[in-house]
$ cat model-v4.cif   # mmCIF, C-alpha atoms
data_structure
#
loop_
_atom_site.label_atom_id
_atom_site.label_comp_id
_atom_site.auth_asym_id
_atom_site.auth_seq_id
_atom_site.Cartn_x
_atom_site.Cartn_y
_atom_site.Cartn_z
CA MET A 1 25.76 -12.97 10.17
CA PRO A 2 23.57 -13.73 7.11
CA ARG A 3 24.73 -12.86 3.62
CA ILE A 4 22.64 -12.30 0.49
CA HIS A 5 23.88 -14.70 -2.17
CA GLY A 6 21.46 -14.12 -5.05
CA CYS A 7 18.95 -11.60 -6.39
CA ASP A 8 16.33 -12.37 -9.04
CA ALA A 9 14.00 -9.72 -10.41
CA PHE A 10 10.95 -10.18 -12.65
CA ARG A 11 8.92 -7.68 -14.63
CA VAL A 12 5.48 -9.21 -14.90
CA ARG A 13 2.18 -8.02 -16.33
CA MET A 14 -1.09 -9.74 -15.72
CA PRO A 15 -2.62 -11.50 -18.75
CA ARG A 16 -4.35 -9.12 -21.18
CA GLY A 17 -2.49 -6.19 -19.67
CA ARG A 18 -4.72 -5.69 -16.66
CA ARG A 19 -3.37 -3.45 -13.88
CA PRO A 20 0.05 -1.80 -13.80
CA GLU A 21 3.16 -3.85 -14.36
CA SER A 22 4.66 -5.42 -11.23
CA ILE A 23 8.31 -5.79 -10.33
CA LEU A 24 8.94 -8.88 -8.21
CA VAL A 25 12.19 -9.42 -6.31
CA ARG A 26 13.48 -12.73 -4.98
CA LEU A 27 16.47 -12.70 -2.60
CA ALA A 28 18.37 -15.79 -1.46
CA GLU A 29 20.85 -16.48 1.32
CA GLU A 30 23.72 -18.94 1.02
CA ASP A 31 21.84 -21.52 3.11
CA GLY A 32 18.91 -21.57 0.65
CA ALA A 33 16.40 -19.34 2.49
CA VAL A 34 14.52 -17.02 0.11
CA GLY A 35 12.36 -13.93 0.41
CA TRP A 36 9.98 -12.21 -1.99
CA GLY A 37 8.87 -8.62 -2.53
CA GLU A 38 6.54 -6.88 -4.98
CA ALA A 39 5.64 -3.39 -6.10
CA ALA A 40 3.24 -2.20 -8.79
CA VAL A 41 5.02 0.21 -11.14
CA PRO A 42 2.78 2.18 -13.48
CA GLY A 43 3.67 3.20 -17.02
CA ALA A 44 6.83 5.18 -17.51
CA ALA A 45 8.10 4.45 -13.98
CA ALA A 46 8.76 0.78 -14.78
CA GLU A 47 11.99 1.25 -16.71
CA PRO A 48 13.72 3.53 -14.16
CA ALA A 49 12.67 1.23 -11.32
CA TRP A 50 14.04 -1.80 -13.15
CA ALA A 51 17.30 0.03 -13.87
CA ASP A 52 17.67 0.94 -10.19
CA ILE A 53 17.48 -2.71 -9.20
CA GLU A 54 19.72 -3.88 -12.04
CA LYS A 55 22.45 -1.27 -11.71
CA ARG A 56 22.42 -0.19 -8.06
CA MET A 57 20.30 -2.04 -5.55
CA GLY A 58 20.83 -5.57 -6.81
CA PRO A 59 24.65 -5.39 -7.04
CA ALA A 60 24.83 -3.59 -3.67
CA LEU A 61 22.91 -6.44 -2.01
CA ILE A 62 25.05 -9.30 -3.31
CA GLY A 63 27.47 -10.39 -0.60
CA LEU A 64 26.07 -7.84 1.85
CA ASP A 65 26.36 -8.82 5.51
CA TRP A 66 23.36 -7.78 7.56
CA ASP A 67 21.84 -8.50 10.94
CA ARG A 68 18.32 -7.11 10.41
CA PRO A 69 16.26 -5.85 7.46
CA GLU A 70 16.62 -2.30 8.73
CA ASP A 71 20.34 -2.59 7.97
CA VAL A 72 19.49 -2.92 4.28
CA SER A 73 17.07 0.00 4.07
CA ALA A 74 19.85 2.50 3.33
CA THR A 75 20.87 0.38 0.35
CA ALA A 76 17.28 0.04 -0.84
CA ASP A 77 16.80 3.80 -0.54
CA LEU A 78 19.40 4.34 -3.24
CA GLY A 79 16.83 3.73 -5.92
CA ALA A 80 13.28 4.50 -6.97
CA ARG A 81 10.85 4.27 -4.09
CA ASP A 82 8.64 1.60 -5.64
CA ALA A 83 11.66 -0.56 -6.52
CA ALA A 84 13.03 0.00 -3.03
CA ALA A 85 9.71 -1.22 -1.63
CA ALA A 86 10.01 -4.54 -3.47
CA VAL A 87 13.59 -5.02 -2.24
CA ASP A 88 12.76 -4.04 1.34
CA VAL A 89 9.79 -6.43 1.55
CA ALA A 90 11.96 -9.24 0.15
CA CYS A 91 14.58 -8.54 2.84
CA TRP A 92 11.97 -8.78 5.59
CA ASP A 93 10.50 -11.97 4.15
CA LEU A 94 13.95 -13.55 3.79
CA TRP A 95 15.03 -12.56 7.30
CA CYS A 96 11.82 -13.90 8.86
CA ARG A 97 11.82 -17.17 6.89
CA ALA A 98 15.43 -17.85 7.85
CA ARG A 99 14.47 -17.50 11.52
CA GLY A 100 11.04 -19.11 11.46
CA LEU A 101 9.27 -15.86 12.40
CA PRO A 102 5.92 -14.65 11.08
CA LEU A 103 6.40 -11.27 9.42
CA ALA A 104 3.56 -9.65 11.37
CA HIS A 105 5.19 -10.55 14.69
CA ALA A 106 8.62 -9.38 13.52
CA LEU A 107 7.13 -5.97 12.67
CA GLY A 108 5.38 -5.74 16.05
CA GLY A 109 1.88 -6.66 14.91
CA THR A 110 -0.70 -7.58 17.52
CA ARG A 111 -3.75 -8.48 15.41
CA THR A 112 -4.76 -11.95 14.31
CA SER A 113 -7.07 -10.73 11.54
CA ILE A 114 -7.54 -7.60 9.42
CA VAL A 115 -10.87 -5.93 8.67
CA THR A 116 -10.96 -5.00 4.99
CA GLY A 117 -11.96 -2.02 2.91
CA SER A 118 -12.43 -1.48 -0.80
CA ARG A 119 -11.81 1.22 -3.40
CA ILE A 120 -14.56 2.19 -5.83
CA ALA A 121 -13.41 3.18 -9.31
CA PRO A 122 -14.76 6.48 -10.71
CA GLU A 123 -18.14 6.12 -12.39
CA PRO A 124 -20.19 8.80 -14.15
CA VAL A 125 -23.56 7.34 -13.09
CA LEU A 126 -24.70 7.56 -9.47
CA GLU A 127 -26.66 4.32 -9.64
CA THR A 128 -23.53 2.48 -10.76
CA VAL A 129 -21.51 3.94 -7.87
CA THR A 130 -24.08 2.98 -5.25
CA GLY A 131 -24.40 -0.45 -6.85
CA ARG A 132 -20.66 -1.02 -6.53
CA VAL A 133 -20.71 0.17 -2.94
CA ASN A 134 -23.50 -2.31 -2.30
CA GLN A 135 -21.35 -5.09 -3.80
CA ALA A 136 -18.44 -4.10 -1.55
CA ILE A 137 -20.65 -4.14 1.53
CA GLY A 138 -22.13 -7.46 0.46
CA ALA A 139 -18.58 -8.86 0.32
CA GLY A 140 -18.10 -7.77 3.93
CA HIS A 141 -15.99 -4.65 3.43
CA THR A 142 -16.66 -2.02 6.09
CA ARG A 143 -14.76 0.90 4.54
CA VAL A 144 -15.03 2.26 1.02
CA THR A 145 -12.75 4.79 -0.65
CA LEU A 146 -14.48 6.89 -3.31
CA ASP A 147 -12.50 8.94 -5.83
CA ILE A 148 -13.87 12.48 -6.04
CA ARG A 149 -13.05 15.43 -8.34
CA PRO A 150 -14.42 18.97 -8.71
CA GLY A 151 -17.93 18.58 -10.08
CA TRP A 152 -18.13 14.96 -8.87
CA ASP A 153 -17.97 15.15 -5.11
CA ILE A 154 -20.92 16.22 -2.98
CA GLU A 155 -23.52 14.35 -5.01
CA PRO A 156 -21.94 10.85 -4.91
CA VAL A 157 -20.91 11.25 -1.26
CA ARG A 158 -24.47 12.31 -0.36
CA ALA A 159 -25.94 9.36 -2.27
CA ILE A 160 -23.65 6.84 -0.57
CA ARG A 161 -24.19 8.31 2.87
CA HIS A 162 -27.98 8.30 2.51
CA ALA A 163 -27.94 4.70 1.30
CA TYR A 164 -25.38 3.45 3.87
CA PRO A 165 -25.42 5.66 6.99
CA ALA A 166 -22.98 3.50 9.00
CA LEU A 167 -20.37 2.92 6.28
CA ALA A 168 -16.83 4.17 6.89
CA LEU A 169 -16.27 6.36 3.84
CA VAL A 170 -13.01 7.92 2.62
CA ALA A 171 -13.21 10.60 -0.08
CA ASP A 172 -9.95 10.58 -2.10
CA ALA A 173 -9.58 13.94 -3.84
CA GLY A 174 -6.39 13.03 -5.72
CA HIS A 175 -4.82 16.51 -5.21
CA ALA A 176 -7.55 18.01 -7.42
CA TYR A 177 -8.67 20.92 -5.21
CA THR A 178 -7.36 24.36 -4.34
CA GLU A 179 -8.17 26.88 -1.62
CA SER A 180 -10.52 28.76 -3.91
CA PRO A 181 -13.82 29.71 -2.23
CA GLU A 182 -15.72 27.28 -4.46
CA HIS A 183 -13.46 24.33 -3.65
CA LEU A 184 -13.33 25.10 0.07
CA ALA A 185 -17.12 25.25 0.15
CA VAL A 186 -17.26 21.76 -1.35
CA LEU A 187 -14.66 20.31 1.03
CA GLU A 188 -16.44 21.83 4.02
CA GLY A 189 -19.72 20.52 2.62
CA LEU A 190 -18.34 16.97 2.56
CA ASP A 191 -17.75 17.29 6.29
CA SER A 192 -21.50 17.25 6.96
CA TYR A 193 -21.76 13.70 5.55
CA GLY A 194 -19.37 12.24 8.10
CA PRO A 195 -16.57 10.68 6.06
CA VAL A 196 -13.81 9.14 8.16
CA ALA A 197 -11.22 10.99 6.05
CA ILE A 198 -10.74 13.34 3.12
CA GLU A 199 -7.59 12.09 1.43
CA ARG A 200 -5.14 14.20 -0.62
CA PRO A 201 -7.34 17.28 -1.09
CA PHE A 202 -4.52 19.63 -2.17
CA ALA A 203 -1.14 19.45 -3.89
CA ALA A 204 1.12 17.06 -1.99
CA GLU A 205 3.71 19.70 -1.10
CA ASP A 206 1.17 22.22 0.27
CA LEU A 207 0.91 20.95 3.83
CA ALA A 208 -0.04 24.42 5.07
CA ALA A 209 -3.25 24.26 3.03
CA HIS A 210 -4.02 20.85 4.55
CA ALA A 211 -3.47 22.33 8.02
CA ARG A 212 -5.84 25.22 7.33
CA LEU A 213 -8.52 22.85 6.06
CA GLN A 214 -8.07 20.58 9.08
CA GLN A 215 -8.82 23.58 11.31
CA ARG A 216 -12.09 24.18 9.44
CA VAL A 217 -13.54 20.65 9.35
CA GLY A 218 -14.14 17.87 11.83
CA THR A 219 -13.32 15.14 9.31
CA ALA A 220 -9.76 13.85 9.47
CA ILE A 221 -7.59 15.09 6.61
CA ALA A 222 -5.16 12.51 5.14
CA PRO A 223 -2.31 14.28 3.34
CA HIS A 224 -0.13 12.53 0.79
CA VAL A 225 2.85 11.13 2.71
CA GLY A 226 5.73 9.75 0.63
CA ASP A 227 8.52 9.88 3.20
CA LEU A 228 9.15 10.30 6.90
CA ASP A 229 10.28 13.92 6.57
CA THR A 230 6.91 14.83 5.04
CA LEU A 231 5.10 13.02 7.85
CA ASP A 232 7.18 14.85 10.46
CA ALA A 233 6.24 18.15 8.84
CA ALA A 234 2.56 17.18 8.63
CA LEU A 235 2.54 16.27 12.31
CA SER A 236 4.24 19.53 13.27
CA LEU A 237 1.79 21.61 11.22
CA GLU A 238 -1.23 19.55 12.36
CA ALA A 239 -1.95 19.08 8.66
CA GLY A 240 -4.16 16.04 9.18
CA ARG A 241 -5.32 13.30 11.49
CA ALA A 242 -5.21 10.23 9.22
CA LEU A 243 -2.52 8.36 7.32
CA HIS A 244 -2.81 6.02 4.35
CA LEU A 245 0.18 3.66 4.51
CA ARG A 246 1.19 2.54 1.02
CA LEU A 247 4.26 0.34 0.83
CA ASP A 248 5.21 1.43 -2.69
CA ARG A 249 4.81 5.10 -1.81
CA LEU A 250 7.00 4.91 1.30
CA GLY A 251 9.65 2.53 -0.02
CA GLY A 252 8.84 -0.63 1.91
CA LEU A 253 8.05 -2.06 5.32
CA THR A 254 10.92 -0.42 7.18
CA ALA A 255 9.78 3.14 6.43
CA ALA A 256 6.09 2.22 6.63
CA ARG A 257 6.48 0.81 10.13
CA SER A 258 8.28 3.99 11.23
CA ALA A 259 5.49 6.09 9.71
CA HIS A 260 2.92 3.98 11.56
CA ASP A 261 4.74 4.50 14.84
CA LEU A 262 4.86 8.28 14.40
CA ALA A 263 1.19 8.54 13.38
CA TYR A 264 0.06 6.18 16.15
CA ALA A 265 1.91 8.21 18.78
CA ALA A 266 0.20 11.36 17.49
CA GLY A 267 -3.26 9.78 17.70
CA TRP A 268 -3.84 9.63 13.95
CA ASP A 269 -6.02 6.97 12.33
CA VAL A 270 -4.14 4.67 9.95
CA TRP A 271 -5.06 2.29 7.16
CA CYS A 272 -2.90 0.25 4.75
CA SER A 273 -2.96 -0.90 1.17
CA GLY A 274 -0.95 -3.43 -0.81
CA SER A 275 0.68 -2.98 -4.20
CA GLY A 276 0.69 -5.26 -7.21
CA ALA A 277 -1.44 -8.00 -8.73
CA PHE A 278 0.49 -11.08 -7.61
CA GLY A 279 -0.46 -11.35 -3.93
CA ILE A 280 2.99 -10.63 -2.48
CA GLY A 281 2.32 -6.91 -1.99
CA GLN A 282 -1.04 -7.72 -0.39
CA ALA A 283 0.54 -10.27 1.95
CA ALA A 284 3.07 -7.66 3.09
CA ALA A 285 0.24 -5.16 3.68
CA VAL A 286 -1.59 -7.72 5.84
CA ALA A 287 1.47 -7.98 8.09
CA LEU A 288 1.73 -4.19 8.26
CA ALA A 289 -1.98 -3.79 9.01
CA ALA A 290 -1.53 -6.06 12.04
CA LEU A 291 0.25 -3.18 13.81
CA PRO A 292 -1.78 -1.73 16.69
CA GLY A 293 -2.21 1.75 15.21
CA CYS A 294 -3.97 0.54 12.04
CA THR A 295 -7.43 1.54 13.23
CA LEU A 296 -9.30 1.70 9.91
CA PRO A 297 -10.17 -1.18 7.56
CA SER A 298 -7.35 -1.77 5.08
CA ASP A 299 -7.11 -2.61 1.37
CA VAL A 300 -5.15 -5.82 1.77
CA SER A 301 -6.96 -8.54 -0.18
CA ASP A 302 -6.64 -9.79 -3.75
CA PRO A 303 -9.66 -9.49 -6.05
CA ALA A 304 -12.15 -12.27 -5.47
CA ARG A 305 -11.64 -13.47 -9.02
CA GLY A 306 -8.47 -13.88 -10.99
CA PRO A 307 -5.27 -15.92 -11.10
CA VAL A 308 -3.66 -17.00 -7.83
CA PHE A 309 0.12 -16.72 -7.44
CA VAL A 310 0.45 -17.21 -3.68
CA THR A 311 -0.85 -20.08 -1.56
CA PRO A 312 -3.06 -19.62 0.34
CA PRO A 313 -4.47 -16.65 -1.60
CA VAL A 314 -4.79 -13.33 0.22
CA ARG A 315 -8.57 -13.31 0.21
CA SER A 316 -11.21 -11.65 2.33
CA SER A 317 -13.87 -13.86 3.90
CA GLY A 318 -16.81 -11.83 5.12
CA GLY A 319 -14.65 -8.72 5.19
CA VAL A 320 -11.82 -10.30 7.20
CA VAL A 321 -8.34 -11.50 6.21
CA GLY A 322 -6.47 -13.72 8.64
CA VAL A 323 -2.91 -12.81 9.59
CA PRO A 324 -0.59 -15.80 8.91
CA LEU A 325 0.92 -16.62 12.30
CA THR A 326 1.86 -20.29 11.91
CA GLN A 327 4.18 -19.90 8.89
CA PRO A 328 7.35 -17.81 8.69
CA GLY A 329 7.80 -14.67 6.64
CA LEU A 330 4.87 -13.58 4.51
CA GLY A 331 3.19 -16.90 5.36
CA HIS A 332 2.47 -17.81 1.72
CA GLU A 333 4.13 -20.05 -0.83
CA ILE A 334 5.02 -18.26 -4.08
CA ASP A 335 4.36 -19.84 -7.48
CA GLU A 336 7.73 -18.97 -8.98
CA GLU A 337 7.24 -21.17 -12.03
CA ARG A 338 4.02 -19.43 -13.02
CA ILE A 339 5.52 -15.99 -12.38
CA GLY A 340 8.51 -16.93 -14.52
CA ARG A 341 6.24 -17.91 -17.42
CA LEU A 342 4.51 -14.52 -17.34
CA ALA A 343 7.66 -12.45 -16.91
CA THR A 344 8.46 -10.07 -19.75
CA ARG A 345 11.97 -9.54 -18.39
CA ARG A 346 14.07 -11.39 -15.85
CA MET A 347 17.37 -10.54 -14.23
CA ARG A 348 19.63 -12.77 -12.12
CA LEU A 349 22.56 -11.61 -10.01
CA SER A 350 24.62 -13.96 -7.87
CA ALA A 351 27.78 -13.91 -5.82
#

$ encode --input "model-v4.cif" --output "structure tokens"
Amino acid sequence: MPRIHGCDAFRVRMPRGRRPESILVRLAEEDGAVGWGEAAVPGAAAEPAWADIEKRMGPALIGLDWDRPEDVSATADLGARDAAAAVDVACWDLWCRARGLPLAHALGGTRTSIVTGSRIAPEPVLETVTGRVNQAIGAGHTRVTLDIRPGWDIEPVRAIRHAYPALALVADAGHAYTESPEHLAVLEGLDSYGPVAIERPFAAEDLAAHARLQQRVGTAIAPHVGDLDTLDAALSLEAGRALHLRLDRLGGLTAARSAHDLAYAAGWDVWCSGSGAFGIGQAAAVALAALPGCTLPSDVSDPARGPVFVTPPVRSSGGVVGVPLTQPGLGHEIDEERIGRLATRRMRLSA
């Protein structure tokens, strides 16, 4: 039975403060096998997440006997969900590397490559939005997620749809709408432009509103799902037909795989996204997106430009990312020295 011998954690911010801070976790077994996990932790959430690893999750892992990563998920669930995600991914990577298994296969993945999507940042000028969509399509991405808000919704969706009739388009409403007549008219109006999903239209806890909207539109609704209980409720209420799997939101690969299985069995469409700026979160999302129910293009690649912390980089080529199937675990070598140089804080626990 394996035993976790050491836990290192790093708080790292990209140079010049770009993107949220990332928490990276490195776990080691007594025989020298190591595993890595990552989660992006925005703003005020960074300190509580770090404290959860330092005071609860890290000490609970040291000396822990375990047969499979799922055995550790209860321990990881003690803390903040984003911190738990980093720990859970590290457990999976460690377990797979120690056994020579590719992570995608260990999770049950069947794909050899992942078709990629892209998120378009909010822009006040339509021409800028359509220009960025054109750049994404030129890079090979076949799905684009557009952030919408009241007053900035129908017009950009119409412009993108007219310019790119075949593009898979997700409209992410960021919980900004209500069931007021004006807002419902807009959400129903979006339906006529054929998006593949309207994501997070209402407050996360109001699944009944999502269910009522789903009855009124043909577009799949994608409610905010942060745990398996919420997904069970959404399935029971028929509050959607699409699921965005985010590792940091669900607390890691163990819960995300279970969510995939439930959504897949219900016939929902699924897509994935990674978390963090250091490639580890994206590599984990690639393995997750290899599962058979991930039917929509996923946000799994690093930006085309920027520092590289994993080898090979998690990069899209013509809108496709290969699933590492010849190397164990995440399938990437981690530049620990470079990460250590950028770390603003570092913690080490050992048996």

$ resolve_selection --input "model-v4.cif" --expression "the PyMOL selection byres ((chain A and resi 117-131) around 10)" --output "VMD selection string"
chain A and resid 114 to 116 132 to 137 139 to 149 152 155 to 157 159 to 161 163 to 164 168 to 170 172 271 to 273 296 to 301 303 316 319 to 320

$ closest_residue --input "model-v4.cif" --among "A:His105, A:Gly276, A:Ile23, A:Leu288" --to "Trp50 in chain A" --atoms "all atoms listed in the file"
A:Ile23

$ resolve_selection --input "model-v4.cif" --expression "the PyMOL selection byres ((chain A and resi 207) around 10)" --output "ChimeraX atom specification"
/A:202-206,208-213,223-224,230-231,233-235,237-240

$ atom_distance --input "model-v4.cif" --atom1 "CA of Ala285 in chain A" --atom2 "CA of Val314 in chain A"
10.2 Å

$ atom_distance --input "model-v4.cif" --atom1 "CA of Glu30 in chain A" --atom2 "CA of Arg3 in chain A"
6.7 Å

$ residues_around --input "model-v4.cif" --residues "Leu107 in chain A" --least-positions-apart "4" --cutoff "10 Å" --atoms "only C-alpha atoms" --output "ChimeraX atom specification"
/A:92,96,102-103,253-254,257,287-288,290-291

$ closest_residue --input "model-v4.cif" --among "A:Met347, A:Leu243, A:Val217, A:Leu325" --to "Thr110 in chain A" --atoms "all atoms listed in the file"
A:Leu325

$ atom_distance --input "model-v4.cif" --atom1 "CA of Thr344 in chain A" --atom2 "CA of Ala46 in chain A"
11.9 Å

$ resolve_selection --input "model-v4.cif" --expression "the PyMOL selection byres ((chain A and resi 322) around 6)" --output "MDAnalysis selection string"
chainID A and resid 113 321 323

$ closest_residue --input "model-v4.cif" --among "A:Leu228, A:Ala289, A:Ile339, A:Ala176" --to "Arg26 in chain A" --atoms "only C-alpha atoms"
A:Ile339

$ residues_near_point --input "model-v4.cif" --point "(12.4, -13.7, 0.4)" --cutoff "10 Å" --atoms "all atoms listed in the file" --output "PyMOL selection string"
chain A and resi 7+25-29+33-37+87-98+329-330+334

$ residues_around --input "model-v4.cif" --residues "Ala277 in chain A" --least-positions-apart "4" --cutoff "8 Å" --atoms "all atoms listed in the file" --output "ChimeraX atom specification"
/A:14,19,22,40,281,302

$ residues_around --input "model-v4.cif" --residues "Gly226 in chain A" --least-positions-apart "3" --cutoff "10 Å" --atoms "all atoms listed in the file" --output "PDB file with C-alpha atoms, in the coordinates of the input"
ATOM      1  CA  ARG A  81      10.850   4.270  -4.090  1.00  0.00           C
ATOM      2  CA  ALA A 204       1.120  17.060  -1.990  1.00  0.00           C
ATOM      3  CA  PRO A 223      -2.310  14.280   3.340  1.00  0.00           C
ATOM      4  CA  ASP A 229      10.280  13.920   6.570  1.00  0.00           C
ATOM      5  CA  THR A 230       6.910  14.830   5.040  1.00  0.00           C
ATOM      6  CA  LEU A 231       5.100  13.020   7.850  1.00  0.00           C
ATOM      7  CA  LEU A 245       0.180   3.660   4.510  1.00  0.00           C
ATOM      8  CA  ARG A 246       1.190   2.540   1.020  1.00  0.00           C
ATOM      9  CA  LEU A 247       4.260   0.340   0.830  1.00  0.00           C
ATOM     10  CA  ASP A 248       5.210   1.430  -2.690  1.00  0.00           C
ATOM     11  CA  ARG A 249       4.810   5.100  -1.810  1.00  0.00           C
ATOM     12  CA  LEU A 250       7.000   4.910   1.300  1.00  0.00           C
ATOM     13  CA  GLY A 251       9.650   2.530  -0.020  1.00  0.00           C
ATOM     14  CA  ALA A 255       9.780   3.140   6.430  1.00  0.00           C
ATOM     15  CA  ALA A 256       6.090   2.220   6.630  1.00  0.00           C
ATOM     16  CA  ALA A 259       5.490   6.090   9.710  1.00  0.00           C
TER      17      ALA A 259
END

$ residues_around --input "model-v4.cif" --residues "Glu333 in chain A" --least-positions-apart "2" --cutoff "10 Å" --atoms "all atoms listed in the file" --output "PyMOL selection string"
chain A and resi 36+280+309-313+327+329-331+335-336

$ residues_around --input "model-v4.cif" --residues "Glu188 in chain A" --least-positions-apart "5" --cutoff "12 Å" --atoms "all atoms listed in the file" --output "VMD selection string"
chain A and resid 153 to 154 179 181 to 183 193 to 195 198 201 212 to 221

$ write_last_selection --input "model-v4.cif" --atoms "C-alpha atoms" --output "PDB file, keeping the file's coordinate frame"
ATOM      1  CA  ASP A 153     -17.970  15.150  -5.110  1.00  0.00           C
ATOM      2  CA  ILE A 154     -20.920  16.220  -2.980  1.00  0.00           C
ATOM      3  CA  GLU A 179      -8.170  26.880  -1.620  1.00  0.00           C
ATOM      4  CA  PRO A 181     -13.820  29.710  -2.230  1.00  0.00           C
ATOM      5  CA  GLU A 182     -15.720  27.280  -4.460  1.00  0.00           C
ATOM      6  CA  HIS A 183     -13.460  24.330  -3.650  1.00  0.00           C
ATOM      7  CA  TYR A 193     -21.760  13.700   5.550  1.00  0.00           C
ATOM      8  CA  GLY A 194     -19.370  12.240   8.100  1.00  0.00           C
ATOM      9  CA  PRO A 195     -16.570  10.680   6.060  1.00  0.00           C
ATOM     10  CA  ILE A 198     -10.740  13.340   3.120  1.00  0.00           C
ATOM     11  CA  PRO A 201      -7.340  17.280  -1.090  1.00  0.00           C
ATOM     12  CA  ARG A 212      -5.840  25.220   7.330  1.00  0.00           C
ATOM     13  CA  LEU A 213      -8.520  22.850   6.060  1.00  0.00           C
ATOM     14  CA  GLN A 214      -8.070  20.580   9.080  1.00  0.00           C
ATOM     15  CA  GLN A 215      -8.820  23.580  11.310  1.00  0.00           C
ATOM     16  CA  ARG A 216     -12.090  24.180   9.440  1.00  0.00           C
ATOM     17  CA  VAL A 217     -13.540  20.650   9.350  1.00  0.00           C
ATOM     18  CA  GLY A 218     -14.140  17.870  11.830  1.00  0.00           C
ATOM     19  CA  THR A 219     -13.320  15.140   9.310  1.00  0.00           C
ATOM     20  CA  ALA A 220      -9.760  13.850   9.470  1.00  0.00           C
ATOM     21  CA  ILE A 221      -7.590  15.090   6.610  1.00  0.00           C
TER      22      ILE A 221
END

$ closest_residue --input "model-v4.cif" --among "A:Asp269, A:Val41, A:Gly189, A:His5" --to "Asp65 in chain A" --atoms "all atoms listed in the file"
A:His5

$ build_atoms --input "model-v4.cif" --residues "range 227-238 of chain A" --atoms "N, CA, C and O atoms" --output "PDB file, in the coordinates of the input"
ATOM      1  N   ASP A 227       7.291  10.128   2.459  1.00  0.00           N
ATOM      2  CA  ASP A 227       8.520   9.880   3.200  1.00  0.00           C
ATOM      3  C   ASP A 227       8.339  10.358   4.627  1.00  0.00           C
ATOM      4  O   ASP A 227       7.372  11.060   4.957  1.00  0.00           O
ATOM      5  N   LEU A 228       9.272   9.987   5.476  1.00  0.00           N
ATOM      6  CA  LEU A 228       9.150  10.300   6.900  1.00  0.00           C
ATOM      7  C   LEU A 228       9.326  11.786   7.172  1.00  0.00           C
ATOM      8  O   LEU A 228       8.719  12.317   8.115  1.00  0.00           O
ATOM      9  N   ASP A 229      10.126  12.482   6.373  1.00  0.00           N
ATOM     10  CA  ASP A 229      10.280  13.920   6.570  1.00  0.00           C
ATOM     11  C   ASP A 229       8.950  14.640   6.333  1.00  0.00           C
ATOM     12  O   ASP A 229       8.582  15.569   7.079  1.00  0.00           O
ATOM     13  N   THR A 230       8.211  14.225   5.299  1.00  0.00           N
ATOM     14  CA  THR A 230       6.910  14.830   5.040  1.00  0.00           C
ATOM     15  C   THR A 230       5.946  14.546   6.181  1.00  0.00           C
ATOM     16  O   THR A 230       5.185  15.433   6.601  1.00  0.00           O
ATOM     17  N   LEU A 231       5.979  13.331   6.721  1.00  0.00           N
ATOM     18  CA  LEU A 231       5.100  13.020   7.850  1.00  0.00           C
ATOM     19  C   LEU A 231       5.472  13.851   9.067  1.00  0.00           C
ATOM     20  O   LEU A 231       4.585  14.355   9.770  1.00  0.00           O
ATOM     21  N   ASP A 232       6.760  14.000   9.337  1.00  0.00           N
ATOM     22  CA  ASP A 232       7.180  14.850  10.460  1.00  0.00           C
ATOM     23  C   ASP A 232       6.640  16.268  10.297  1.00  0.00           C
ATOM     24  O   ASP A 232       6.139  16.870  11.258  1.00  0.00           O
ATOM     25  N   ALA A 233       6.733  16.799   9.088  1.00  0.00           N
ATOM     26  CA  ALA A 233       6.240  18.150   8.840  1.00  0.00           C
ATOM     27  C   ALA A 233       4.723  18.219   9.008  1.00  0.00           C
ATOM     28  O   ALA A 233       4.191  19.180   9.580  1.00  0.00           O
ATOM     29  N   ALA A 234       4.013  17.199   8.504  1.00  0.00           N
ATOM     30  CA  ALA A 234       2.560  17.180   8.630  1.00  0.00           C
ATOM     31  C   ALA A 234       2.129  17.113  10.097  1.00  0.00           C
ATOM     32  O   ALA A 234       1.170  17.776  10.509  1.00  0.00           O
ATOM     33  N   LEU A 235       2.847  16.345  10.885  1.00  0.00           N
ATOM     34  CA  LEU A 235       2.540  16.270  12.310  1.00  0.00           C
ATOM     35  C   LEU A 235       2.804  17.602  12.993  1.00  0.00           C
ATOM     36  O   LEU A 235       2.001  18.058  13.827  1.00  0.00           O
ATOM     37  N   SER A 236       3.898  18.249  12.650  1.00  0.00           N
ATOM     38  CA  SER A 236       4.240  19.530  13.270  1.00  0.00           C
ATOM     39  C   SER A 236       3.216  20.614  12.928  1.00  0.00           C
ATOM     40  O   SER A 236       2.856  21.443  13.767  1.00  0.00           O
ATOM     41  N   LEU A 237       2.745  20.600  11.683  1.00  0.00           N
ATOM     42  CA  LEU A 237       1.790  21.610  11.220  1.00  0.00           C
ATOM     43  C   LEU A 237       0.350  21.261  11.585  1.00  0.00           C
ATOM     44  O   LEU A 237      -0.543  22.073  11.348  1.00  0.00           O
ATOM     45  N   GLU A 238       0.139  20.048  12.121  1.00  0.00           N
ATOM     46  CA  GLU A 238      -1.230  19.550  12.360  1.00  0.00           C
ATOM     47  C   GLU A 238      -2.018  19.586  11.056  1.00  0.00           C
ATOM     48  O   GLU A 238      -3.155  20.056  10.996  1.00  0.00           O
TER      49      GLU A 238
END
